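Written below as structure tokens is the structure these notes are about.
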Amino acid sequence: MTNDDKTLNFPNADLSDEAAVRRELMKYGLASLATLATVTPSHLWAQSTYPNRPLKMMVPWPPGQATDLAGRVVAQEMSKILGQSVVIENKAGAGGSIGTDSVAKSMPDGYTILAASSGPFTISPLLTKTPYEPEKDFLPVAMIGMSPYVLVTAPNFPAKDLREFIALVKSNPDKYSFSSSGTAATAHLIAESFNTALGLKVMHVPYKGSTPAITDVIGGQVAYCIETAASTMPFVRSGRLRAYGVSLEKGSSVTPGIPPFASFSGFPGLAGFDLGAWLGVVVPTGTPSAVVEKLSAAVEKIMTASEVKQAFSNIAVEVDYRRAEDFAKYLKFISTRFSDVIKANGIKAD
């Protein structure tokens with residue numbers, strides 16, 4: 001081969017295999033081209049071949065958590081549509097930041113995707129210096145769901161509905177307390193948004209997880225909490241908790257019979273109240289647009305399937321599909337909203 005050669009012929013390489021082509025380039029001493037193939041592989045290979053090998057969906061939480069369960073539903077259906085396995089990898093730690101960071105630093109080729117959620121993606125970067133910047137390091141593919149939050153008290157709490165609850169707590173400043181699954185957890189920020197909207201003066205009692213936070217509400221040690229439907233509804237159905245309202249503006253199919261906060265007239269602060277814990281799919285920045293579009297189209301098809309909606313309902317997550325551009329707008333909105341709550345209440349990371 002000479003410098004005049006204009007065509008590279010790799011008889012032993014599968015040209016649809018990026019790694020194989022890089023090896024052939026290195027054989028000919030074309031290190032710079034091999035590096036280019038590593039950095040921008042999808043621009044060198046026909047994107048119509050994507051995907052030609054299994055994908056990995058990183059879940060930055062332990063198995064069994066809501067993001068994990070929802071991610072597994074989507075991964076299973078995505079495998080069918082794309083014709084390649086989508087393998088779940090759990091990498092928990094640091095409130096989801098470890099797994100999230102590993103995807104931020106992965107090859108932007110569409111073969112590593114993140115099951116993203118509000119904690120590590122929206123809230124953590126507002127409180128601490130995370131090793132990744134969500135808006136800079138990731139591209140939205142699609143939002144897939146929303147976990148509603150429910151205001152609950154012990155059954156003997158002296159208020160029969162949300163109006164009475166608000167009147168009672170507001171007329172007794174600093175008498176009542178509310179629990180959460182932890183300082184700066186999504187539950188804490190939603191509860192502070194609710195309290196601020198109504199001018200309620202109450203004390204926050206943080207716990208390590210929703211289970212102890214709810215247990216002390218049931219026992220009467222704490223007056224109320226606003227926690228996920230997944231963690232509260234079993235107790236509501238069994239009569240051990242009383243539910244007053246749900247945090248999503250249009251209500252939720254996973255909290256039947258429970259009115260949304262926004263539906264109560266006479267409380268301007270609750271108008272349009274629409275907060276929950278979002279779930280979505282994102283990829284590293286640099287992933288080619290054609291790949292993002294293919295993934296987004298797959299997710300859109302998945303989220304319209306009745307069996308997927310039922311699977312999400314089974315884990316108390318409301319299907320909330322939004323295309324990439326709408327997802328990006330929502331991420332900016334919710335980041336600003338939670339940033340305002342954090343600043344207004346002087347919330348610091350534990």
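Every chain in the structure tokens has a letter given in the order shown (A, B, ...), and although residue numbers restart at 1 in each chain, ligands are simply numbered from 1 in the order shown.
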
*Neighbours of A:Trp61 within 8 Å (only C-alpha atoms; same-chain residues fewer than 4 positions away dropped), as a ChimeraX atom specification?*
/A:65,67-68,90-93,95-96,99

Next, write the just-selected residues to a file, as a PDB file, in the first residue's frame, keeping all heavy atoms as the atom set.
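As a result, part19.pdb now contains:
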ATOM      1  N   GLN A  65     -35.793  -1.299  42.613  1.00  0.00           N
ATOM      2  CA  GLN A  65     -36.200   0.093  42.753  1.00  0.00           C
ATOM      3  C   GLN A  65     -37.034   0.485  41.534  1.00  0.00           C
ATOM      4  O   GLN A  65     -36.994  -0.177  40.502  1.00  0.00           O
ATOM      5  CB  GLN A  65     -34.936   0.966  42.892  1.00  0.00           C
ATOM      6  CG  GLN A  65     -35.168   2.391  43.298  1.00  0.00           C
ATOM      7  CD  GLN A  65     -35.177   3.327  42.119  1.00  0.00           C
ATOM      8  OE1 GLN A  65     -35.106   2.893  40.969  1.00  0.00           O
ATOM      9  NE2 GLN A  65     -35.255   4.614  42.401  1.00  0.00           N
ATOM     10  N   THR A  67     -36.957   2.799  39.222  1.00  0.00           N
ATOM     11  CA  THR A  67     -36.247   3.033  37.962  1.00  0.00           C
ATOM     12  C   THR A  67     -35.810   1.708  37.345  1.00  0.00           C
ATOM     13  O   THR A  67     -35.871   1.523  36.124  1.00  0.00           O
ATOM     14  CB  THR A  67     -35.026   3.937  38.184  1.00  0.00           C
ATOM     15  OG1 THR A  67     -35.426   5.110  38.885  1.00  0.00           O
ATOM     16  CG2 THR A  67     -34.380   4.329  36.871  1.00  0.00           C
ATOM     17  N   ASP A  68     -35.372   0.796  38.189  1.00  0.00           N
ATOM     18  CA  ASP A  68     -34.943  -0.516  37.720  1.00  0.00           C
ATOM     19  C   ASP A  68     -36.110  -1.294  37.117  1.00  0.00           C
ATOM     20  O   ASP A  68     -35.997  -1.849  36.010  1.00  0.00           O
ATOM     21  CB  ASP A  68     -34.341  -1.303  38.887  1.00  0.00           C
ATOM     22  CG  ASP A  68     -34.018  -2.741  38.530  1.00  0.00           C
ATOM     23  OD1 ASP A  68     -33.032  -2.962  37.806  1.00  0.00           O
ATOM     24  OD2 ASP A  68     -34.758  -3.650  38.970  1.00  0.00           O
ATOM     25  N   ASN A  90     -26.987  -2.967  36.687  1.00  0.00           N
ATOM     26  CA  ASN A  90     -27.211  -2.134  37.869  1.00  0.00           C
ATOM     27  C   ASN A  90     -25.881  -1.664  38.433  1.00  0.00           C
ATOM     28  O   ASN A  90     -25.000  -2.483  38.721  1.00  0.00           O
ATOM     29  CB  ASN A  90     -27.975  -2.908  38.939  1.00  0.00           C
ATOM     30  CG  ASN A  90     -29.373  -3.293  38.497  1.00  0.00           C
ATOM     31  OD1 ASN A  90     -29.584  -4.375  37.939  1.00  0.00           O
ATOM     32  ND2 ASN A  90     -30.330  -2.425  38.744  1.00  0.00           N
ATOM     33  N   LYS A  91     -25.721  -0.368  38.557  1.00  0.00           N
ATOM     34  CA  LYS A  91     -24.515   0.195  39.158  1.00  0.00           C
ATOM     35  C   LYS A  91     -24.958   1.265  40.146  1.00  0.00           C
ATOM     36  O   LYS A  91     -25.058   2.444  39.820  1.00  0.00           O
ATOM     37  CB  LYS A  91     -23.586   0.780  38.093  1.00  0.00           C
ATOM     38  CG  LYS A  91     -22.251   1.279  38.652  1.00  0.00           C
ATOM     39  CD  LYS A  91     -21.292   1.726  37.544  1.00  0.00           C
ATOM     40  CE  LYS A  91     -20.687   0.534  36.831  1.00  0.00           C
ATOM     41  NZ  LYS A  91     -19.586   0.954  35.897  1.00  0.00           N
ATOM     42  N   ALA A  92     -25.273   0.819  41.364  1.00  0.00           N
ATOM     43  CA  ALA A  92     -25.811   1.718  42.385  1.00  0.00           C
ATOM     44  C   ALA A  92     -24.695   2.418  43.155  1.00  0.00           C
ATOM     45  O   ALA A  92     -23.527   2.031  43.079  1.00  0.00           O
ATOM     46  CB  ALA A  92     -26.692   0.928  43.345  1.00  0.00           C
ATOM     47  N   GLY A  93     -25.090   3.441  43.899  1.00  0.00           N
ATOM     48  CA  GLY A  93     -24.142   4.145  44.767  1.00  0.00           C
ATOM     49  C   GLY A  93     -24.225   5.647  44.608  1.00  0.00           C
ATOM     50  O   GLY A  93     -24.541   6.159  43.533  1.00  0.00           O
ATOM     51  N   GLY A  95     -26.369   7.836  45.612  1.00  0.00           N
ATOM     52  CA  GLY A  95     -27.654   8.369  45.193  1.00  0.00           C
ATOM     53  C   GLY A  95     -27.893   8.309  43.707  1.00  0.00           C
ATOM     54  O   GLY A  95     -28.622   9.129  43.146  1.00  0.00           O
ATOM     55  N   GLY A  96     -27.310   7.317  43.043  1.00  0.00           N
ATOM     56  CA  GLY A  96     -27.483   7.155  41.604  1.00  0.00           C
ATOM     57  C   GLY A  96     -26.422   7.843  40.772  1.00  0.00           C
ATOM     58  O   GLY A  96     -26.385   7.687  39.548  1.00  0.00           O
ATOM     59  N   GLY A  99     -23.596   5.324  38.689  1.00  0.00           N
ATOM     60  CA  GLY A  99     -24.042   4.747  37.435  1.00  0.00           C
ATOM     61  C   GLY A  99     -24.305   5.802  36.373  1.00  0.00           C
ATOM     62  O   GLY A  99     -24.019   5.599  35.186  1.00  0.00           O
TER      63      GLY A  99
END

*Which neighbours of A:Pro206 fall inside 8 Å, counting only C-alpha atoms, when residues of the same chain fewer than 5 positions from it are skipped, and could you give them as a list in words?*
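Returned residues: Ser179, Ser180, Ser181, Gly182, Thr183 and Ala213 of chain A.
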
_Which residue is closest to A:Gly280? Choose from A:Gly71, A:Pro256, A:Gly119, A:Gly346 and count only C-alpha atoms._
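Closest to A:Gly280 of all the choices is A:Gly71.
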
*Give the answer as one residue: which of A:Thr100, A:Ser238, A:Thr336, A:Asn195 has the shortest atom-to-atom distance to A:Phe267, using only C-alpha atoms?*
A:Asn195

*asked:* as a PyMOL selection string, please: the residues near stretch 317-329 of chain A (cut-off 10 Å, only C-alpha atoms, same-chain neighbours under 3 positions excluded).
replied: chain A and resi 66-67+69-70+135+139-148+228-230+248+251-255+276-282+292-293+296-297+299-300+302-304+308-314+332-334

For the residues in the current selection, export C-alpha atoms as an mmCIF file, in the first residue's frame.
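The result, stored in again17.cif:
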data_model
loop_
_atom_site.group_PDB
_atom_site.id
_atom_site.type_symbol
_atom_site.label_atom_id
_atom_site.label_comp_id
_atom_site.auth_asym_id
_atom_site.auth_seq_id
_atom_site.Cartn_x
_atom_site.Cartn_y
_atom_site.Cartn_z
ATOM 1 C CA ALA A 66 -38.781 1.900 40.576
ATOM 2 C CA THR A 67 -36.247 3.033 37.962
ATOM 3 C CA LEU A 69 -38.386 -2.077 37.337
ATOM 4 C CA ALA A 70 -39.511 0.452 34.729
ATOM 5 C CA GLU A 135 -27.469 19.291 30.256
ATOM 6 C CA LEU A 139 -28.971 13.929 25.202
ATOM 7 C CA PRO A 140 -32.634 13.217 26.015
ATOM 8 C CA VAL A 141 -34.171 10.279 24.146
ATOM 9 C CA ALA A 142 -37.629 10.198 25.749
ATOM 10 C CA MET A 143 -39.412 10.598 29.041
ATOM 11 C CA ILE A 144 -41.338 7.467 29.932
ATOM 12 C CA GLY A 145 -43.083 7.876 33.258
ATOM 13 C CA MET A 146 -43.944 9.815 36.367
ATOM 14 C CA SER A 147 -44.250 8.560 39.915
ATOM 15 C CA PRO A 148 -47.090 10.389 41.705
ATOM 16 C CA THR A 228 -44.652 7.921 46.418
ATOM 17 C CA ALA A 229 -47.829 6.118 45.488
ATOM 18 C CA ALA A 230 -45.807 2.900 45.468
ATOM 19 C CA LEU A 248 -49.995 15.301 39.633
ATOM 20 C CA GLY A 251 -54.546 12.966 39.039
ATOM 21 C CA SER A 252 -53.306 9.454 38.445
ATOM 22 C CA SER A 253 -54.698 6.103 37.434
ATOM 23 C CA VAL A 254 -52.492 4.487 40.082
ATOM 24 C CA THR A 255 -54.196 6.496 42.851
ATOM 25 C CA GLY A 276 -43.587 13.919 40.650
ATOM 26 C CA ALA A 277 -40.503 11.791 40.191
ATOM 27 C CA TRP A 278 -39.821 11.480 36.472
ATOM 28 C CA LEU A 279 -38.241 8.548 34.653
ATOM 29 C CA GLY A 280 -36.630 8.702 31.234
ATOM 30 C CA VAL A 281 -34.066 7.430 28.766
ATOM 31 C CA VAL A 282 -30.944 9.430 27.864
ATOM 32 C CA VAL A 292 -31.119 9.024 19.026
ATOM 33 C CA GLU A 293 -34.076 9.164 16.637
ATOM 34 C CA SER A 296 -36.749 7.545 20.477
ATOM 35 C CA ALA A 297 -39.001 5.918 17.876
ATOM 36 C CA VAL A 299 -39.516 4.088 23.026
ATOM 37 C CA GLU A 300 -42.552 5.844 21.541
ATOM 38 C CA ILE A 302 -43.185 0.842 23.519
ATOM 39 C CA MET A 303 -45.011 3.416 25.627
ATOM 40 C CA THR A 304 -48.230 3.176 23.596
ATOM 41 C CA VAL A 308 -46.540 -1.668 29.080
ATOM 42 C CA LYS A 309 -49.039 0.751 30.640
ATOM 43 C CA GLN A 310 -50.291 -2.090 32.823
ATOM 44 C CA ALA A 311 -46.748 -3.095 33.790
ATOM 45 C CA PHE A 312 -46.031 0.496 34.813
ATOM 46 C CA SER A 313 -49.288 0.667 36.750
ATOM 47 C CA ASN A 314 -48.266 -2.465 38.639
ATOM 48 C CA LYS A 332 -35.148 22.614 32.308
ATOM 49 C CA PHE A 333 -38.478 23.391 33.962
ATOM 50 C CA ILE A 334 -38.129 20.903 36.805
#

*May I have the residues within 10 Å of A:Lys136 as a PyMOL selection string, using only C-alpha atoms and disregarding those fewer than 5 positions away in the same chain?*
chain A and resi 104+284-285

_DSSP helix (DSSP H, G or I) selection over stretch 50-273 of chain A, as an MDAnalysis selection string_ = chainID A and resid 66:82 94:104 118:127 134:137 162:170 186:198 210:218 229:238 261:263 268:270

Quick one: residues within 10 Å of A:Phe235, only C-alpha atoms, excluding same-chain residues fewer than 5 positions away - as an mmCIF file with C-alpha atoms, in the first residue's frame?
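Heads up, here's the output in selection.cif:
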data_model
loop_
_atom_site.group_PDB
_atom_site.id
_atom_site.type_symbol
_atom_site.label_atom_id
_atom_site.label_comp_id
_atom_site.auth_asym_id
_atom_site.auth_seq_id
_atom_site.Cartn_x
_atom_site.Cartn_y
_atom_site.Cartn_z
ATOM 1 C CA VAL A 152 -51.142 10.918 53.827
ATOM 2 C CA ALA A 154 -52.718 8.447 60.197
ATOM 3 C CA ILE A 214 -44.268 6.331 56.623
ATOM 4 C CA THR A 215 -44.055 4.082 59.681
ATOM 5 C CA ILE A 218 -48.841 5.589 60.842
ATOM 6 C CA ALA A 229 -47.829 6.118 45.488
ATOM 7 C CA ALA A 230 -45.807 2.900 45.468
ATOM 8 C CA ARG A 240 -53.631 2.294 57.910
ATOM 9 C CA LEU A 241 -53.198 5.653 56.185
ATOM 10 C CA ARG A 242 -55.640 8.335 55.035
ATOM 11 C CA ALA A 243 -54.968 9.967 51.670
#

*asked:* Considering only C-alpha atoms, can you say which of A:Pro54, A:Gly269, A:Pro158, A:Pro125 comes closest to A:Ala349?
replied: A:Pro125

*Please provide as a list in words all residues within 9 Å of A:Arg72, with the sequence filter that same-chain residues fewer than 4 positions apart are discarded (counting only C-alpha atoms).*
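The contact residues come out as Met57, Thr67, Asp68, Gln76, Glu77, Val87 and Ile88 of chain A.
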
Surrounding residues of A:Thr122 excluding itself and chain neighbours under 6 positions, 8 Å, only C-alpha atoms, as a PDB file with N, CA and C atoms, in the first residue's frame:
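Below you can see out_33.pdb, which holds the result:
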ATOM      1  N   PRO A 134     -25.707  17.239  33.679  1.00  0.00           N
ATOM      2  CA  PRO A 134     -26.775  16.627  32.873  1.00  0.00           C
ATOM      3  C   PRO A 134     -27.024  17.293  31.527  1.00  0.00           C
ATOM      4  N   LEU A 331     -37.034  18.931  31.541  1.00  0.00           N
ATOM      5  CA  LEU A 331     -35.845  18.866  32.390  1.00  0.00           C
ATOM      6  C   LEU A 331     -35.408  20.263  32.831  1.00  0.00           C
ATOM      7  N   ILE A 334     -38.156  21.521  35.482  1.00  0.00           N
ATOM      8  CA  ILE A 334     -38.129  20.903  36.805  1.00  0.00           C
ATOM      9  C   ILE A 334     -36.839  21.259  37.547  1.00  0.00           C
ATOM     10  N   SER A 335     -35.745  21.445  36.817  1.00  0.00           N
ATOM     11  CA  SER A 335     -34.500  21.869  37.452  1.00  0.00           C
ATOM     12  C   SER A 335     -34.661  23.257  38.060  1.00  0.00           C
TER      13      SER A 335
END

*Got a sec to tell me which of stretch 38-140 of chain A DSSP assigns to strand (DSSP E), as a list in words?*
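Answer for stretch 38-140 of chain A restricted to strand (DSSP E) is Leu55, Lys56, Met57, Met58, Val59, Val86, Val87, Ile88, Glu89, Asn90, Thr112, Ile113, Leu114, Ala115, Ala116, Ser117, Phe138, Leu139 and Pro140 of chain A.
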
Export all heavy atoms of the chosen residues as a CSV table (one decimal), in the first residue's frame?
chain,number,residue,atom,x,y,z
A,55,LEU,N,-27.2,-4.0,23.3
A,55,LEU,CA,-27.1,-2.7,24.0
A,55,LEU,C,-27.1,-3.0,25.5
A,55,LEU,O,-27.6,-4.0,26.0
A,55,LEU,CB,-28.3,-1.9,23.6
A,55,LEU,CG,-28.4,-1.3,22.2
A,55,LEU,CD1,-28.8,-2.4,21.2
A,55,LEU,CD2,-29.4,-0.1,22.2
A,56,LYS,N,-26.6,-2.0,26.2
A,56,LYS,CA,-26.6,-2.0,27.7
A,56,LYS,C,-27.4,-0.8,28.2
A,56,LYS,O,-27.2,0.3,27.8
A,56,LYS,CB,-25.2,-1.9,28.2
A,56,LYS,CG,-25.1,-1.9,29.7
A,56,LYS,CD,-23.7,-2.0,30.2
A,56,LYS,CE,-22.8,-0.8,29.8
A,56,LYS,NZ,-21.4,-0.9,30.3
A,57,MET,N,-28.4,-1.1,29.1
A,57,MET,CA,-29.1,-0.1,29.8
A,57,MET,C,-28.6,0.0,31.2
A,57,MET,O,-28.8,-0.9,32.0
A,57,MET,CB,-30.6,-0.3,29.8
A,57,MET,CG,-31.4,0.7,30.5
A,57,MET,SD,-33.2,0.5,30.5
A,57,MET,CE,-33.6,1.0,28.9
A,58,MET,N,-28.0,1.1,31.5
A,58,MET,CA,-27.4,1.3,32.9
A,58,MET,C,-28.5,1.8,33.8
A,58,MET,O,-29.2,2.8,33.5
A,58,MET,CB,-26.3,2.3,32.9
A,58,MET,CG,-25.6,2.5,34.2
A,58,MET,SD,-24.8,1.0,34.8
A,58,MET,CE,-23.4,1.0,33.6
A,59,VAL,N,-28.7,1.1,34.9
A,59,VAL,CA,-29.7,1.5,36.0
A,59,VAL,C,-28.8,1.9,37.2
A,59,VAL,O,-28.2,1.0,37.8
A,59,VAL,CB,-30.7,0.4,36.3
A,59,VAL,CG1,-31.5,0.8,37.5
A,59,VAL,CG2,-31.5,0.0,35.1
A,86,VAL,N,-31.2,-6.0,24.9
A,86,VAL,CA,-30.9,-4.8,25.7
A,86,VAL,C,-30.7,-5.3,27.2
A,86,VAL,O,-31.7,-5.6,27.8
A,86,VAL,CB,-32.0,-3.7,25.7
A,86,VAL,CG1,-31.6,-2.5,26.5
A,86,VAL,CG2,-32.3,-3.3,24.2
A,87,VAL,N,-29.5,-5.3,27.6
A,87,VAL,CA,-29.1,-5.9,28.9
A,87,VAL,C,-29.1,-4.9,30.0
A,87,VAL,O,-28.5,-3.8,29.8
A,87,VAL,CB,-27.7,-6.6,28.8
A,87,VAL,CG1,-27.3,-7.3,30.1
A,87,VAL,CG2,-27.7,-7.6,27.6
A,88,ILE,N,-29.7,-5.2,31.1
A,88,ILE,CA,-29.7,-4.3,32.2
A,88,ILE,C,-28.4,-4.5,33.0
A,88,ILE,O,-28.0,-5.6,33.3
A,88,ILE,CB,-30.9,-4.6,33.1
A,88,ILE,CG1,-32.2,-4.2,32.4
A,88,ILE,CG2,-30.8,-3.8,34.5
A,88,ILE,CD1,-32.5,-2.7,32.3
A,89,GLU,N,-27.8,-3.4,33.4
A,89,GLU,CA,-26.7,-3.4,34.3
A,89,GLU,C,-27.0,-2.4,35.5
A,89,GLU,O,-27.2,-1.3,35.2
A,89,GLU,CB,-25.4,-3.0,33.6
A,89,GLU,CG,-24.2,-3.0,34.6
A,89,GLU,CD,-22.9,-2.7,33.9
A,89,GLU,OE1,-22.7,-3.0,32.7
A,89,GLU,OE2,-22.0,-2.2,34.6
A,90,ASN,N,-27.0,-3.0,36.7
A,90,ASN,CA,-27.2,-2.1,37.9
A,90,ASN,C,-25.9,-1.7,38.4
A,90,ASN,O,-25.0,-2.5,38.7
A,90,ASN,CB,-28.0,-2.9,38.9
A,90,ASN,CG,-29.4,-3.3,38.5
A,90,ASN,OD1,-29.6,-4.4,37.9
A,90,ASN,ND2,-30.3,-2.4,38.7
A,112,THR,N,-24.8,2.2,24.9
A,112,THR,CA,-24.9,2.4,26.3
A,112,THR,C,-26.0,3.5,26.6
A,112,THR,O,-25.7,4.6,26.1
A,112,THR,CB,-23.6,2.7,27.0
A,112,THR,OG1,-22.7,1.7,26.7
A,112,THR,CG2,-23.8,2.8,28.5
A,113,ILE,N,-27.1,3.1,27.2
A,113,ILE,CA,-28.1,4.1,27.5
A,113,ILE,C,-28.4,4.1,29.0
A,113,ILE,O,-28.1,3.2,29.7
A,113,ILE,CB,-29.4,3.8,26.7
A,113,ILE,CG1,-29.9,2.4,27.0
A,113,ILE,CG2,-29.2,3.9,25.2
A,113,ILE,CD1,-31.2,2.0,26.2
A,114,LEU,N,-28.9,5.2,29.4
A,114,LEU,CA,-29.2,5.4,30.9
A,114,LEU,C,-30.7,5.4,31.2
A,114,LEU,O,-31.4,6.1,30.5
A,114,LEU,CB,-28.5,6.7,31.3
A,114,LEU,CG,-28.8,7.1,32.8
A,114,LEU,CD1,-28.1,6.1,33.8
A,114,LEU,CD2,-28.3,8.5,33.1
A,115,ALA,N,-31.1,4.6,32.2
A,115,ALA,CA,-32.4,4.7,32.7
A,115,ALA,C,-32.3,5.9,33.8
A,115,ALA,O,-31.9,5.7,34.9
A,115,ALA,CB,-32.8,3.4,33.4
A,116,ALA,N,-32.7,7.1,33.3
A,116,ALA,CA,-32.4,8.2,34.2
A,116,ALA,C,-33.7,8.5,35.0
A,116,ALA,O,-34.8,8.1,34.7
A,116,ALA,CB,-32.2,9.4,33.3
A,117,SER,N,-33.4,9.2,36.2
A,117,SER,CA,-34.5,9.6,37.1
A,117,SER,C,-34.2,10.9,37.8
A,117,SER,O,-33.0,11.4,37.7
A,117,SER,CB,-34.7,8.5,38.1
A,117,SER,OG,-33.5,8.2,38.8
A,138,PHE,N,-25.4,14.8,28.5
A,138,PHE,CA,-26.4,13.8,28.0
A,138,PHE,C,-27.4,14.4,27.0
A,138,PHE,O,-27.6,15.7,26.9
A,138,PHE,CB,-27.3,13.3,29.2
A,138,PHE,CG,-26.5,12.5,30.2
A,138,PHE,CD1,-26.0,13.1,31.3
A,138,PHE,CD2,-26.3,11.2,30.0
A,138,PHE,CE1,-25.3,12.4,32.3
A,138,PHE,CE2,-25.7,10.4,30.9
A,138,PHE,CZ,-25.1,11.0,32.1
A,139,LEU,N,-27.9,13.6,26.1
A,139,LEU,CA,-29.0,13.9,25.2
A,139,LEU,C,-30.2,13.2,25.6
A,139,LEU,O,-30.2,12.0,25.8
A,139,LEU,CB,-28.6,13.5,23.8
A,139,LEU,CG,-27.4,14.2,23.1
A,139,LEU,CD1,-27.1,13.6,21.8
A,139,LEU,CD2,-27.7,15.7,23.0
A,140,PRO,N,-31.4,13.9,25.7
A,140,PRO,CA,-32.6,13.2,26.0
A,140,PRO,C,-33.1,12.3,24.8
A,140,PRO,O,-33.0,12.7,23.7
A,140,PRO,CB,-33.6,14.4,26.2
A,140,PRO,CG,-32.8,15.6,26.4
A,140,PRO,CD,-31.5,15.4,25.6

*Name the closest residue to A:Tyr224 among the candidates A:Ile81, A:Leu275, A:Ala187, A:Val283; distances are taken between atoms, counting only C-alpha atoms.*
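Among the listed residues, the smallest separation from A:Tyr224 belongs to A:Ala187.
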